[in-house]
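Chemist: Hey, dropping my_file-v8.tsv in here, TSV, C-alpha atoms:
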```
chain	number	residue	atom	x	y	z
C	617	MET	CA	-19.24	1.64	-27.65
C	618	GLU	CA	-19.66	4.41	-25.04
C	619	ARG	CA	-21.61	3.38	-21.96
C	620	ARG	CA	-25.09	4.82	-22.33
C	621	ARG	CA	-28.39	4.43	-20.49
C	622	GLY	CA	-26.87	2.05	-17.98
C	623	VAL	CA	-25.50	-0.38	-20.60
C	624	ARG	CA	-21.94	-1.40	-19.88
C	625	THR	CA	-19.62	-1.92	-22.84
C	626	ALA	CA	-16.74	-4.33	-23.40
C	627	VAL	CA	-14.10	-5.13	-25.98
C	628	ILE	CA	-12.88	-8.73	-25.95
C	629	VAL	CA	-9.63	-9.58	-27.73
C	630	GLY	CA	-9.78	-13.07	-29.24
C	631	ALA	CA	-12.64	-15.11	-30.71
C	632	GLY	CA	-11.56	-18.44	-29.27
C	633	VAL	CA	-13.24	-20.57	-26.63
C	634	ALA	CA	-12.60	-18.13	-23.75
C	635	GLY	CA	-13.52	-15.01	-25.71
C	636	LEU	CA	-16.75	-16.35	-27.20
C	637	THR	CA	-17.90	-17.82	-23.88
C	638	ALA	CA	-17.18	-14.59	-22.00
C	639	ALA	CA	-18.93	-12.57	-24.71
C	640	THR	CA	-22.09	-14.65	-24.48
C	641	ALA	CA	-22.16	-14.59	-20.68
C	642	LEU	CA	-21.63	-10.82	-20.57
C	643	ALA	CA	-24.18	-10.13	-23.32
C	644	ARG	CA	-26.79	-12.16	-21.47
C	645	GLY	CA	-26.12	-9.92	-18.48
C	646	GLY	CA	-26.92	-6.82	-20.52
C	647	TRP	CA	-23.45	-5.85	-21.69
C	648	GLN	CA	-22.80	-4.47	-25.18
C	649	VAL	CA	-19.88	-6.60	-26.41
C	650	GLU	CA	-17.51	-6.39	-29.37
C	651	ILE	CA	-14.92	-9.08	-30.11
C	652	VAL	CA	-11.83	-8.28	-32.18
C	653	GLU	CA	-9.95	-11.23	-33.68
C	654	ILE	CA	-6.80	-10.92	-35.75
C	655	GLY	CA	-7.40	-14.21	-37.58
C	656	PRO	CA	-9.92	-14.97	-40.34
C	657	PRO	CA	-13.40	-16.32	-39.51
C	658	GLU	CA	-12.59	-19.89	-40.53
C	659	ALA	CA	-9.34	-20.17	-38.55
C	660	THR	CA	-9.26	-22.68	-35.68
C	661	ALA	CA	-6.15	-24.22	-34.15
C	662	GLY	CA	-5.98	-28.01	-34.05
C	663	TRP	CA	-8.47	-30.73	-34.92
C	664	GLY	CA	-10.37	-31.41	-31.76
C	665	LEU	CA	-10.50	-31.23	-28.00
C	666	CYS	CA	-12.11	-32.86	-25.01
C	667	LEU	CA	-14.78	-31.02	-23.06
C	668	THR	CA	-14.39	-32.50	-19.58
C	669	GLY	CA	-17.08	-32.39	-16.91
C	670	PRO	CA	-16.30	-28.84	-15.73
C	671	SER	CA	-16.52	-27.65	-19.37
C	672	LEU	CA	-19.94	-29.25	-19.78
C	673	ARG	CA	-21.15	-27.89	-16.44
C	674	ALA	CA	-20.19	-24.34	-17.42
C	675	LEU	CA	-21.69	-24.75	-20.91
C	676	ASP	CA	-24.85	-26.10	-19.32
C	677	GLY	CA	-25.05	-22.83	-17.41
C	678	LEU	CA	-25.31	-21.17	-20.85
C	679	SER	CA	-27.70	-23.86	-22.17
C	680	LEU	CA	-25.05	-25.00	-24.68
C	681	ALA	CA	-23.99	-28.38	-23.26
C	682	ASP	CA	-26.63	-30.39	-25.11
C	683	ALA	CA	-25.68	-28.82	-28.45
C	684	CYS	CA	-22.08	-29.92	-27.90
C	685	LEU	CA	-23.16	-33.40	-26.82
C	686	ALA	CA	-25.33	-33.71	-29.93
C	687	GLU	CA	-22.52	-32.80	-32.32
C	688	GLY	CA	-19.61	-34.41	-30.47
C	689	TYR	CA	-18.96	-37.84	-29.01
C	690	GLY	CA	-19.93	-38.53	-25.41
C	691	MET	CA	-17.44	-40.45	-23.26
C	692	SER	CA	-17.10	-41.50	-19.64
C	693	SER	CA	-13.71	-43.24	-19.38
C	694	ILE	CA	-9.98	-42.72	-19.87
C	695	THR	CA	-8.17	-46.01	-20.45
C	696	HIS	CA	-4.44	-46.13	-19.71
C	697	VAL	CA	-2.32	-48.71	-21.55
C	698	ASP	CA	1.21	-49.65	-20.48
C	699	VAL	CA	4.36	-49.90	-22.62
C	700	GLY	CA	3.59	-53.53	-23.39
C	701	GLY	CA	0.18	-52.71	-24.80
C	702	GLU	CA	-1.73	-54.07	-21.79
C	703	PRO	CA	-4.45	-52.14	-19.88
C	704	ALA	CA	-2.97	-50.33	-16.88
C	705	GLY	CA	-6.06	-48.82	-15.34
C	706	GLU	CA	-9.12	-46.75	-16.07
C	707	VAL	CA	-10.15	-43.30	-14.89
C	708	ARG	CA	-13.88	-42.55	-14.80
C	709	PRO	CA	-14.29	-38.79	-14.26
C	710	PRO	CA	-17.39	-37.66	-12.36
C	711	ARG	CA	-20.56	-37.17	-14.44
C	712	LEU	CA	-21.27	-33.57	-13.51
C	713	LEU	CA	-24.45	-33.36	-15.61
C	714	GLY	CA	-26.04	-36.41	-14.05
C	715	ALA	CA	-26.05	-40.13	-14.74
C	716	ARG	CA	-27.95	-39.82	-18.03
C	717	ARG	CA	-25.32	-37.65	-19.71
C	718	PRO	CA	-21.67	-38.59	-20.28
C	719	ALA	CA	-18.75	-37.34	-18.22
C	720	MET	CA	-16.97	-35.78	-21.23
C	721	VAL	CA	-17.44	-35.08	-24.90
C	722	GLY	CA	-14.88	-35.11	-27.68
C	723	ILE	CA	-15.67	-32.46	-30.27
C	724	ALA	CA	-14.07	-31.02	-33.40
C	725	ARG	CA	-12.76	-27.51	-32.81
C	726	PRO	CA	-14.58	-25.99	-35.82
C	727	VAL	CA	-17.85	-27.48	-34.54
C	728	LEU	CA	-17.36	-26.07	-31.04
C	729	HIS	CA	-16.44	-22.66	-32.41
C	730	ARG	CA	-19.51	-22.65	-34.64
C	731	ILE	CA	-21.76	-23.41	-31.65
C	732	LEU	CA	-20.13	-20.76	-29.45
C	733	ARG	CA	-20.06	-18.09	-32.14
C	734	ALA	CA	-23.67	-18.64	-33.19
C	735	GLU	CA	-24.82	-18.17	-29.60
C	736	ALA	CA	-22.66	-15.07	-29.10
C	737	GLU	CA	-24.05	-13.46	-32.23
C	738	ARG	CA	-27.60	-14.45	-31.25
C	739	CYS	CA	-27.01	-12.51	-28.02
C	740	GLY	CA	-25.98	-9.42	-30.02
C	741	VAL	CA	-22.19	-9.75	-29.85
C	742	VAL	CA	-20.35	-8.17	-32.79
C	743	VAL	CA	-17.29	-10.09	-34.03
C	744	ARG	CA	-14.74	-8.23	-36.17
C	745	HIS	CA	-11.93	-10.15	-37.91
C	746	GLY	CA	-8.54	-8.95	-39.10
C	747	VAL	CA	-8.35	-6.52	-36.16
C	748	THR	CA	-6.70	-6.64	-32.75
C	749	VAL	CA	-5.87	-4.26	-29.92
C	750	ALA	CA	-2.92	-1.88	-30.32
C	751	ALA	CA	-3.08	0.24	-27.14
C	752	VAL	CA	-4.98	0.29	-23.85
C	753	ASP	CA	-5.17	3.34	-21.57
C	754	GLN	CA	-7.24	3.76	-18.41
C	755	GLU	CA	-9.19	7.03	-18.36
C	756	GLY	CA	-11.02	7.28	-15.06
C	757	GLU	CA	-13.55	4.47	-14.88
C	758	MET	CA	-13.39	3.89	-18.63
C	759	VAL	CA	-10.72	2.36	-20.87
C	760	ARG	CA	-9.55	3.91	-24.12
C	761	VAL	CA	-8.80	1.12	-26.59
C	762	ARG	CA	-7.03	1.82	-29.87
C	763	LEU	CA	-7.46	-0.97	-32.39
C	764	SER	CA	-5.00	-1.98	-35.08
C	765	ASP	CA	-7.18	-0.39	-37.79
C	766	GLY	CA	-7.04	2.98	-36.02
C	767	VAL	CA	-10.55	2.81	-34.54
C	768	VAL	CA	-10.77	4.02	-30.94
C	769	ARG	CA	-13.27	2.69	-28.40
C	770	ARG	CA	-14.06	3.95	-24.87
C	771	VAL	CA	-15.41	1.01	-22.90
C	772	ALA	CA	-16.00	-0.12	-19.34
C	773	LEU	CA	-14.07	-3.37	-19.75
C	774	VAL	CA	-11.28	-4.91	-21.83
C	775	VAL	CA	-10.86	-8.69	-21.78
C	776	GLY	CA	-7.74	-10.32	-23.19
C	777	ALA	CA	-8.73	-13.79	-24.38
C	778	ASP	CA	-5.99	-13.96	-26.98
C	779	GLY	CA	-4.13	-17.08	-25.95
C	780	VAL	CA	-0.86	-18.11	-24.42
C	781	ARG	CA	1.10	-15.47	-26.40
C	782	SER	CA	-1.37	-12.74	-25.43
C	783	SER	CA	-0.61	-9.24	-26.66
C	784	THR	CA	-3.32	-7.86	-24.34
C	785	ARG	CA	-1.40	-9.23	-21.35
C	786	ARG	CA	1.64	-7.24	-22.44
C	787	LEU	CA	-0.37	-4.06	-23.10
C	788	LEU	CA	-1.86	-4.28	-19.60
C	789	GLY	CA	1.63	-4.65	-18.13
C	790	LEU	CA	1.00	-8.12	-16.74
C	791	GLY	CA	4.02	-10.41	-16.79
C	792	ALA	CA	3.96	-14.17	-17.26
C	793	SER	CA	6.73	-16.59	-18.14
C	794	LEU	CA	6.12	-18.83	-21.13
C	795	ASP	CA	7.70	-22.20	-20.39
C	796	PHE	CA	8.64	-24.85	-22.96
C	797	HIS	CA	8.87	-28.35	-21.47
C	798	GLY	CA	10.89	-30.27	-24.04
C	799	GLN	CA	7.80	-31.80	-25.63
C	800	MET	CA	6.14	-31.41	-29.01
C	801	VAL	CA	2.55	-32.57	-29.32
C	802	TRP	CA	1.26	-34.02	-32.59
C	803	ARG	CA	-2.40	-34.35	-33.65
C	804	ALA	CA	-4.01	-35.86	-36.72
C	805	LEU	CA	-7.62	-36.51	-37.70
C	806	VAL	CA	-8.37	-40.21	-38.34
C	807	PRO	CA	-11.42	-42.47	-38.76
C	808	ARG	CA	-12.71	-43.62	-35.37
C	809	PRO	CA	-12.02	-47.33	-34.73
C	810	PRO	CA	-15.10	-49.18	-33.39
C	811	TRP	CA	-13.33	-49.96	-30.08
C	812	ALA	CA	-12.62	-46.28	-29.37
C	813	THR	CA	-15.62	-45.33	-27.22
C	814	GLY	CA	-13.56	-43.36	-24.69
C	815	ILE	CA	-10.15	-41.73	-24.46
C	816	HIS	CA	-7.22	-44.15	-24.77
C	817	GLN	CA	-3.73	-43.17	-23.68
C	818	PHE	CA	-0.72	-45.37	-24.49
C	819	ALA	CA	2.55	-45.20	-22.57
C	820	GLY	CA	5.63	-45.67	-24.73
C	821	LYS	CA	9.27	-46.28	-23.98
C	822	THR	CA	10.01	-42.70	-25.03
C	823	ASP	CA	6.80	-40.94	-26.01
C	824	THR	CA	3.09	-41.04	-25.16
C	825	ALA	CA	0.25	-41.53	-27.64
C	826	GLY	CA	-3.52	-41.53	-27.50
C	827	LEU	CA	-6.84	-41.38	-29.27
C	828	VAL	CA	-9.87	-39.14	-28.60
C	829	PRO	CA	-13.20	-39.79	-30.40
C	830	LEU	CA	-14.83	-36.68	-31.92
C	831	SER	CA	-17.92	-38.14	-33.57
C	832	ALA	CA	-19.35	-41.46	-34.71
C	833	GLY	CA	-16.96	-41.41	-37.64
C	834	GLN	CA	-13.93	-39.39	-36.54
C	835	ALA	CA	-11.28	-39.25	-33.84
C	836	TYR	CA	-7.95	-37.56	-33.42
C	837	VAL	CA	-4.71	-39.31	-32.62
C	838	PHE	CA	-2.20	-37.44	-30.48
C	839	LEU	CA	1.45	-38.11	-29.75
C	840	THR	CA	3.55	-36.31	-27.15
C	841	GLU	CA	7.17	-36.37	-28.30
C	842	ASN	CA	9.71	-36.16	-25.46
C	843	GLY	CA	13.16	-34.63	-25.79
C	844	ALA	CA	12.14	-32.77	-28.94
C	845	ALA	CA	13.63	-29.52	-30.11
C	846	ARG	CA	11.25	-26.61	-30.49
C	847	SER	CA	11.29	-26.39	-34.26
C	848	VAL	CA	9.13	-26.14	-37.37
C	849	LEU	CA	9.05	-28.99	-39.89
C	850	PRO	CA	7.87	-28.85	-43.51
C	851	ASP	CA	4.20	-29.82	-43.85
C	852	ALA	CA	5.10	-32.68	-46.21
C	853	ASP	CA	7.26	-34.27	-43.50
C	854	LEU	CA	4.65	-34.27	-40.74
C	855	ALA	CA	2.50	-37.33	-41.56
C	856	PRO	CA	5.46	-39.63	-42.37
C	857	ARG	CA	7.26	-38.46	-39.23
C	858	LEU	CA	4.20	-39.06	-37.05
C	859	ARG	CA	3.82	-42.59	-38.40
C	860	ARG	CA	7.49	-43.28	-37.58
C	861	LEU	CA	7.06	-41.98	-34.04
C	862	LEU	CA	4.08	-44.32	-33.58
C	863	GLU	CA	6.04	-47.39	-34.79
C	864	PRO	CA	7.48	-48.44	-31.38
C	865	PHE	CA	4.03	-48.73	-29.77
C	866	PRO	CA	2.48	-52.22	-29.72
C	867	GLY	CA	-1.13	-53.32	-29.79
C	868	ARG	CA	-3.88	-51.00	-30.92
C	869	VAL	CA	-1.49	-48.17	-31.77
C	870	GLU	CA	-0.47	-50.20	-34.82
C	871	GLU	CA	-4.04	-49.84	-36.07
C	872	ILE	CA	-4.08	-46.12	-35.26
C	873	ARG	CA	-0.78	-45.64	-37.09
C	874	SER	CA	-2.23	-47.14	-40.25
C	875	LEU	CA	-5.04	-44.56	-40.16
C	876	VAL	CA	-2.72	-41.53	-40.33
C	877	SER	CA	-3.02	-40.36	-43.91
C	878	ALA	CA	-0.41	-38.41	-45.83
C	879	SER	CA	-3.26	-36.51	-47.52
C	880	ALA	CA	-4.68	-35.16	-44.22
C	881	PRO	CA	-2.94	-32.26	-42.44
C	882	VAL	CA	-1.04	-33.01	-39.22
C	883	VAL	CA	-0.60	-30.42	-36.46
C	884	ARG	CA	2.66	-30.22	-34.47
C	885	ARG	CA	2.99	-27.71	-31.64
C	886	PRO	CA	5.34	-27.11	-28.67
C	887	VAL	CA	3.97	-27.90	-25.21
C	888	LEU	CA	3.94	-24.51	-23.50
C	889	THR	CA	2.59	-23.46	-20.13
C	890	ALA	CA	2.03	-20.04	-18.61
C	891	LEU	CA	0.75	-18.87	-15.25
C	892	LEU	CA	0.31	-15.28	-14.18
C	893	GLU	CA	1.78	-14.55	-10.78
C	894	GLY	CA	-0.37	-12.10	-8.84
C	895	ALA	CA	-3.17	-10.12	-10.44
C	896	TRP	CA	-4.67	-10.96	-13.81
C	897	ASN	CA	-6.18	-7.49	-14.05
C	898	ARG	CA	-5.05	-3.90	-14.20
C	899	GLY	CA	-7.60	-1.12	-14.02
C	900	SER	CA	-10.59	-2.23	-16.06
C	901	GLY	CA	-8.61	-4.73	-18.13
C	902	VAL	CA	-8.26	-8.45	-17.43
C	903	VAL	CA	-6.88	-11.54	-19.12
C	904	ILE	CA	-8.61	-14.93	-19.10
C	905	GLY	CA	-8.11	-18.42	-20.50
C	906	ASP	CA	-4.65	-19.33	-21.75
C	907	ALA	CA	-3.60	-15.67	-21.53
C	908	ALA	CA	-3.72	-16.05	-17.73
C	909	HIS	CA	-3.17	-19.77	-17.14
C	910	ALA	CA	-2.15	-22.12	-19.93
C	911	PRO	CA	-1.84	-25.75	-18.77
C	912	ALA	CA	-0.11	-28.53	-20.66
C	913	PRO	CA	-2.54	-30.75	-22.61
C	914	GLN	CA	-1.98	-33.78	-20.36
C	915	MET	CA	-5.11	-33.05	-18.30
C	916	ALA	CA	-7.28	-32.15	-21.33
C	917	SER	CA	-8.71	-29.33	-19.23
C	918	GLY	CA	-7.51	-26.11	-20.82
C	919	ALA	CA	-10.90	-25.61	-22.45
C	920	ALA	CA	-12.61	-26.25	-19.12
C	921	LEU	CA	-10.70	-23.42	-17.45
C	922	ALA	CA	-11.34	-21.08	-20.38
C	923	ILE	CA	-15.09	-21.73	-20.46
C	924	GLU	CA	-15.37	-21.44	-16.68
C	925	ASP	CA	-13.48	-18.13	-16.82
C	926	GLY	CA	-16.01	-16.63	-19.20
C	927	LEU	CA	-18.99	-17.63	-17.08
C	928	VAL	CA	-17.44	-16.69	-13.73
C	929	LEU	CA	-16.23	-13.32	-15.08
C	930	ALA	CA	-19.80	-12.35	-16.00
C	931	GLN	CA	-21.12	-13.60	-12.65
C	932	GLU	CA	-18.67	-11.55	-10.60
C	933	LEU	CA	-19.15	-8.39	-12.68
C	934	GLU	CA	-22.90	-8.75	-12.16
C	935	ARG	CA	-22.38	-8.72	-8.39
C	936	TYR	CA	-20.48	-5.41	-8.27
C	937	GLU	CA	-21.25	-1.91	-9.49
C	938	SER	CA	-17.51	-1.26	-9.86
C	939	VAL	CA	-15.76	-3.13	-12.69
C	940	GLY	CA	-12.51	-3.08	-10.73
C	941	ALA	CA	-14.12	-4.75	-7.71
C	942	GLY	CA	-15.74	-7.36	-9.95
C	943	LEU	CA	-12.41	-8.16	-11.58
C	944	GLN	CA	-10.67	-8.54	-8.23
C	945	ALA	CA	-13.40	-10.93	-7.08
C	946	PHE	CA	-13.10	-12.88	-10.32
C	947	VAL	CA	-9.35	-13.35	-9.96
C	948	TRP	CA	-9.67	-14.30	-6.29
C	949	ARG	CA	-12.26	-16.94	-7.19
C	950	ARG	CA	-10.26	-18.42	-10.07
C	951	ALA	CA	-6.56	-18.20	-9.19
C	952	GLN	CA	-6.10	-21.20	-6.88
C	953	ARG	CA	-8.14	-23.56	-9.06
C	954	CYS	CA	-6.28	-22.61	-12.24
C	955	ARG	CA	-2.88	-22.82	-10.54
C	956	ALA	CA	-3.65	-26.35	-9.32
C	957	LEU	CA	-4.51	-27.49	-12.84
C	958	VAL	CA	-1.42	-25.93	-14.45
C	959	GLU	CA	0.92	-27.31	-11.80
C	960	THR	CA	-0.62	-30.78	-12.04
C	961	SER	CA	-0.21	-30.80	-15.81
C	962	VAL	CA	3.47	-29.89	-15.41
C	963	ALA	CA	3.93	-32.63	-12.81
C	964	ILE	CA	2.51	-35.17	-15.27
C	965	ILE	CA	5.01	-34.00	-17.88
C	966	GLY	CA	7.82	-34.78	-15.45
C	967	LEU	CA	6.47	-38.26	-14.76
C	968	GLU	CA	6.12	-38.96	-18.48
C	969	GLN	CA	9.67	-37.85	-19.14
C	970	ALA	CA	10.93	-40.01	-16.26
C	971	ARG	CA	8.90	-42.96	-17.69
C	972	ARG	CA	6.99	-43.23	-14.42
C	973	HIS	CA	3.63	-43.45	-16.13
C	974	HIS	CA	2.06	-45.56	-13.37
C	975	GLU	CA	2.53	-42.64	-10.97
C	976	ALA	CA	0.75	-40.27	-13.34
C	977	TYR	CA	-2.48	-42.29	-13.52
C	978	PRO	CA	-3.69	-41.60	-9.95
C	979	LEU	CA	-2.62	-37.96	-10.34
C	980	VAL	CA	-4.91	-37.65	-13.39
C	981	ASP	CA	-7.76	-39.22	-11.44
C	982	SER	CA	-7.34	-36.99	-8.38
C	983	CYS	CA	-7.08	-33.84	-10.50
C	984	HIS	CA	-10.30	-34.65	-12.37
C	985	ARG	CA	-12.02	-35.05	-9.00
C	986	LEU	CA	-10.59	-31.77	-7.79
C	987	MET	CA	-11.84	-30.05	-10.95
C	988	ALA	CA	-15.30	-31.53	-10.29
C	989	GLU	CA	-15.59	-29.22	-7.28
C	990	PRO	CA	-17.61	-26.00	-7.89
C	991	ALA	CA	-15.84	-23.43	-10.02
```
Please lay out the structure from this file as structure tokens.
Modeler:
Amino acid sequence: MERRRGVRTAVIVGAGVAGLTAATALARGGWQVEIVEIGPPEATAGWGLCLTGPSLRALDGLSLADACLAEGYGMSSITHVDVGGEPAGEVRPPRLLGARRPAMVGIARPVLHRILRAEAERCGVVVRHGVTVAAVDQEGEMVRVRLSDGVVRRVALVVGADGVRSSTRRLLGLGASLDFHGQMVWRALVPRPPWATGIHQFAGKTDTAGLVPLSAGQAYVFLTENGAARSVLPDADLAPRLRRLLEPFPGRVEEIRSLVSASAPVVRRPVLTALLEGAWNRGSGVVIGDAAHAPAPQMASGAALAIEDGLVLAQELERYESVGAGLQAFVWRRAQRCRALVETSVAIIGLEQARRHHEAYPLVDSCHRLMAEPA
């Protein structure tokens, strides 16, 4: 992985959305890229996600948006429903790919990862599993990276795309607080009801629920549990507990509740946010995606920031001969936008917990319009 004949080399830590997108964008710019991922090849967290307009715009820059639209479920509306089960308003995010393509797409995480990984490997990226970074040391313009299997690389760039609990962030000496907001989010894969042609979000007296289509036949139900302890429950308890939490909701949630099967796995995770104060880079190392700025899921835009990061990182490094200068330009370009998204997601948490859902709806709308601005 030494730099030779003008080819710049990079090690990316993490084969998630941010890491795979950055790897593809860098490889297309002539970089020699290796990804190290501690998890197995088939591991993906959660059932599905929403690719909002900024996600699709960035993916379109890599000619991958249409592949995601073909394998996901295109949507153009977010319907809010009040505690009585009545419609409370609709958000129609901007169609950033033009009027003929939807504003968003719901997609299963394994499908998205397959699309992103296939393109990265087509561009020559090497992905190694069961390995992560153990030490990072700057040596002049190069970085000495020791991997967990003892292999040592000397590269021009190290990218930490290893999530909200990033070990790369720690190794680079970059501090970020990890904040728990008293919410646990639940997700379960269910058959898509015929009426679910966009995102539906249901305000409850205590919690918030919703449904996101993933394909013609599938959707995922989510529930944000307020006032919950940060704990781990036995797998056998998850589906019955989720059905109980959905019981107080009227209207269409009753139908969704009946679709949650005890035989299908349910995911339950704490709502955590993180935001790096100051630089995201040190020397020739940088962190991106959730490692730098992890929003709460309320804006469904974490993937958008991660995908944008990968594309913008490659663009800024292309503009500068010095990796350090390119990283500084990257952080300058991204910091304000990512901070706004994280802070908005936290504000929405507060409104949900105060049961002021009607105040959250315009905040969601305005944030989607802010995110529609150029990355």
Chemist: So, with all atoms listed in the file as the atoms that count, which of C:Arg859, C:His696, C:Arg884, C:Arg711 lies closest to Pro670 (chain C)?
Modeler: C:Arg711
Chemist: Near Arg985 (chain C), within 10 Å and counting all atoms listed in the file, which residues show up once chain neighbours fewer than 2 positions away are dropped, as a list in words?
Modeler: Gly669, Arg708, Pro709, Pro710, Leu979, Val980, Asp981, Ser982, Cys983, Met987, Ala988 and Glu989 of chain C
Chemist: Take the residues from that selection and write them out as a PDB file, in the frame of the given file, keeping C-alpha atoms.
Modeler:
```pdb
ATOM      1  CA  GLY C 669     -17.080 -32.390 -16.910  1.00  0.00           C
ATOM      2  CA  ARG C 708     -13.880 -42.550 -14.800  1.00  0.00           C
ATOM      3  CA  PRO C 709     -14.290 -38.790 -14.260  1.00  0.00           C
ATOM      4  CA  PRO C 710     -17.390 -37.660 -12.360  1.00  0.00           C
ATOM      5  CA  LEU C 979      -2.620 -37.960 -10.340  1.00  0.00           C
ATOM      6  CA  VAL C 980      -4.910 -37.650 -13.390  1.00  0.00           C
ATOM      7  CA  ASP C 981      -7.760 -39.220 -11.440  1.00  0.00           C
ATOM      8  CA  SER C 982      -7.340 -36.990  -8.380  1.00  0.00           C
ATOM      9  CA  CYS C 983      -7.080 -33.840 -10.500  1.00  0.00           C
ATOM     10  CA  MET C 987     -11.840 -30.050 -10.950  1.00  0.00           C
ATOM     11  CA  ALA C 988     -15.300 -31.530 -10.290  1.00  0.00           C
ATOM     12  CA  GLU C 989     -15.590 -29.220  -7.280  1.00  0.00           C
TER      13      GLU C 989
END
```
Chemist: To one decimal place in Å, what is the distance between CA of Phe946 (chain C) and CA of Val902 (chain C)?
Modeler: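 A separation of 9.7 Å between them.
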Chemist: Which of these residues is nearest to Asp682 (chain C), using all atoms listed in the file: C:Ala890, C:Ala704, C:Leu830, C:Val721?
Modeler: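 Nearest candidate to Asp682 (chain C) out of C:Ala890, C:Ala704, C:Leu830, C:Val721: C:Val721.
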Chemist: List every protein, DNA or RNA residue that has an atom no more than 6 Å from (-4.6, -10.7, -18.0) in the file's coordinate frame, counting all atoms listed in the file, and report them as a VMD selection string.
Modeler: chain C and resid 785 896 to 897 902 to 904 908
Chemist: With only C-alpha atoms as the basis for distance, which of C:Leu849, C:Val742, C:Leu773, C:Val652 is at the shortest distance from Glu755 (chain C)?
Modeler: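 The closest residue to Glu755 (chain C) is C:Leu773.
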Chemist: Of the residues C:Pro866, C:Pro886, C:Pro829, C:Gly894, which is the one nearest to Val848 (chain C), using all atoms listed in the file?
Modeler: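 For Val848 (chain C), the nearest of the given residues is C:Pro886.
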Chemist: For Ala855 (chain C), which of C:Ala639, C:Leu875, C:Met758, C:Leu827 is the closest residue, counting only C-alpha atoms?
Modeler: C:Leu875
Chemist: May I ask for the distance between CA of Gly926 (chain C) and CA of Tyr689 (chain C), given in Å to one decimal place?
Modeler: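 CA of Tyr689 (chain C) lies 23.6 Å from CA of Gly926 (chain C).
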Chemist: Which one of C:Gly746, C:Gly867, C:Pro978, C:Gly843 sits closest to Gln799 (chain C) if you count all atoms listed in the file?
Modeler: C:Gly843
Chemist: What is the distance between CA of His797 (chain C) and CA of Leu986 (chain C), in Å to one decimal?
Modeler: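 Going from CA of His797 (chain C) over to CA of Leu986 (chain C), I get 24.0 Å.
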Chemist: Name all residues at most 12 Å from Ala683 (chain C) (count only C-alpha atoms; drop same-chain ones fewer than 2 positions away) and give them as a PyMOL selection string.
Modeler: chain C and resi 672+675-676+678-681+685-690+721+723+727-732+734-735
Chemist: Write out as CSV a residue-level contact list of region 768-881 of chain C versus region 963-976 of chain C with cut-off 12 Å: for each qualifying residue the closest pair of atoms and the distance in Å to one decimal, counting all atoms listed in the file, rows sorted by chain and residue number upward.
Modeler:
```
residue,atom,partner,partner_atom,distance
C:Phe796,CA,C:Ile965,CA,11.1
C:His797,CA,C:Ile965,CA,7.7
C:Gly798,CA,C:Gln969,CA,9.1
C:Gln799,CA,C:Ile965,CA,8.5
C:Met800,CA,C:Ile965,CA,11.5
C:Val801,CA,C:Ile965,CA,11.8
C:Gln817,CA,C:His973,CA,10.5
C:Phe818,CA,C:His973,CA,9.6
C:Ala819,CA,C:His973,CA,6.8
C:Gly820,CA,C:Arg971,CA,8.2
C:Lys821,CA,C:Arg971,CA,7.1
C:Thr822,CA,C:Arg971,CA,7.4
C:Asp823,CA,C:Glu968,CA,7.8
C:Thr824,CA,C:Glu968,CA,7.6
C:Ala825,CA,C:Glu968,CA,11.2
C:Thr840,CA,C:Glu968,CA,9.4
C:Glu841,CA,C:Gln969,CA,9.6
C:Asn842,CA,C:Gln969,CA,6.5
C:Gly843,CA,C:Gln969,CA,8.2
C:Ala844,CA,C:Gln969,CA,11.3
```
Chemist: Please list as an MDAnalysis selection string every residue within 10 Å of Pro807 (chain C), counting all atoms listed in the file and excluding residues in the same chain fewer than 5 positions away.
Modeler: chainID C and resid 829:837 872 875:876
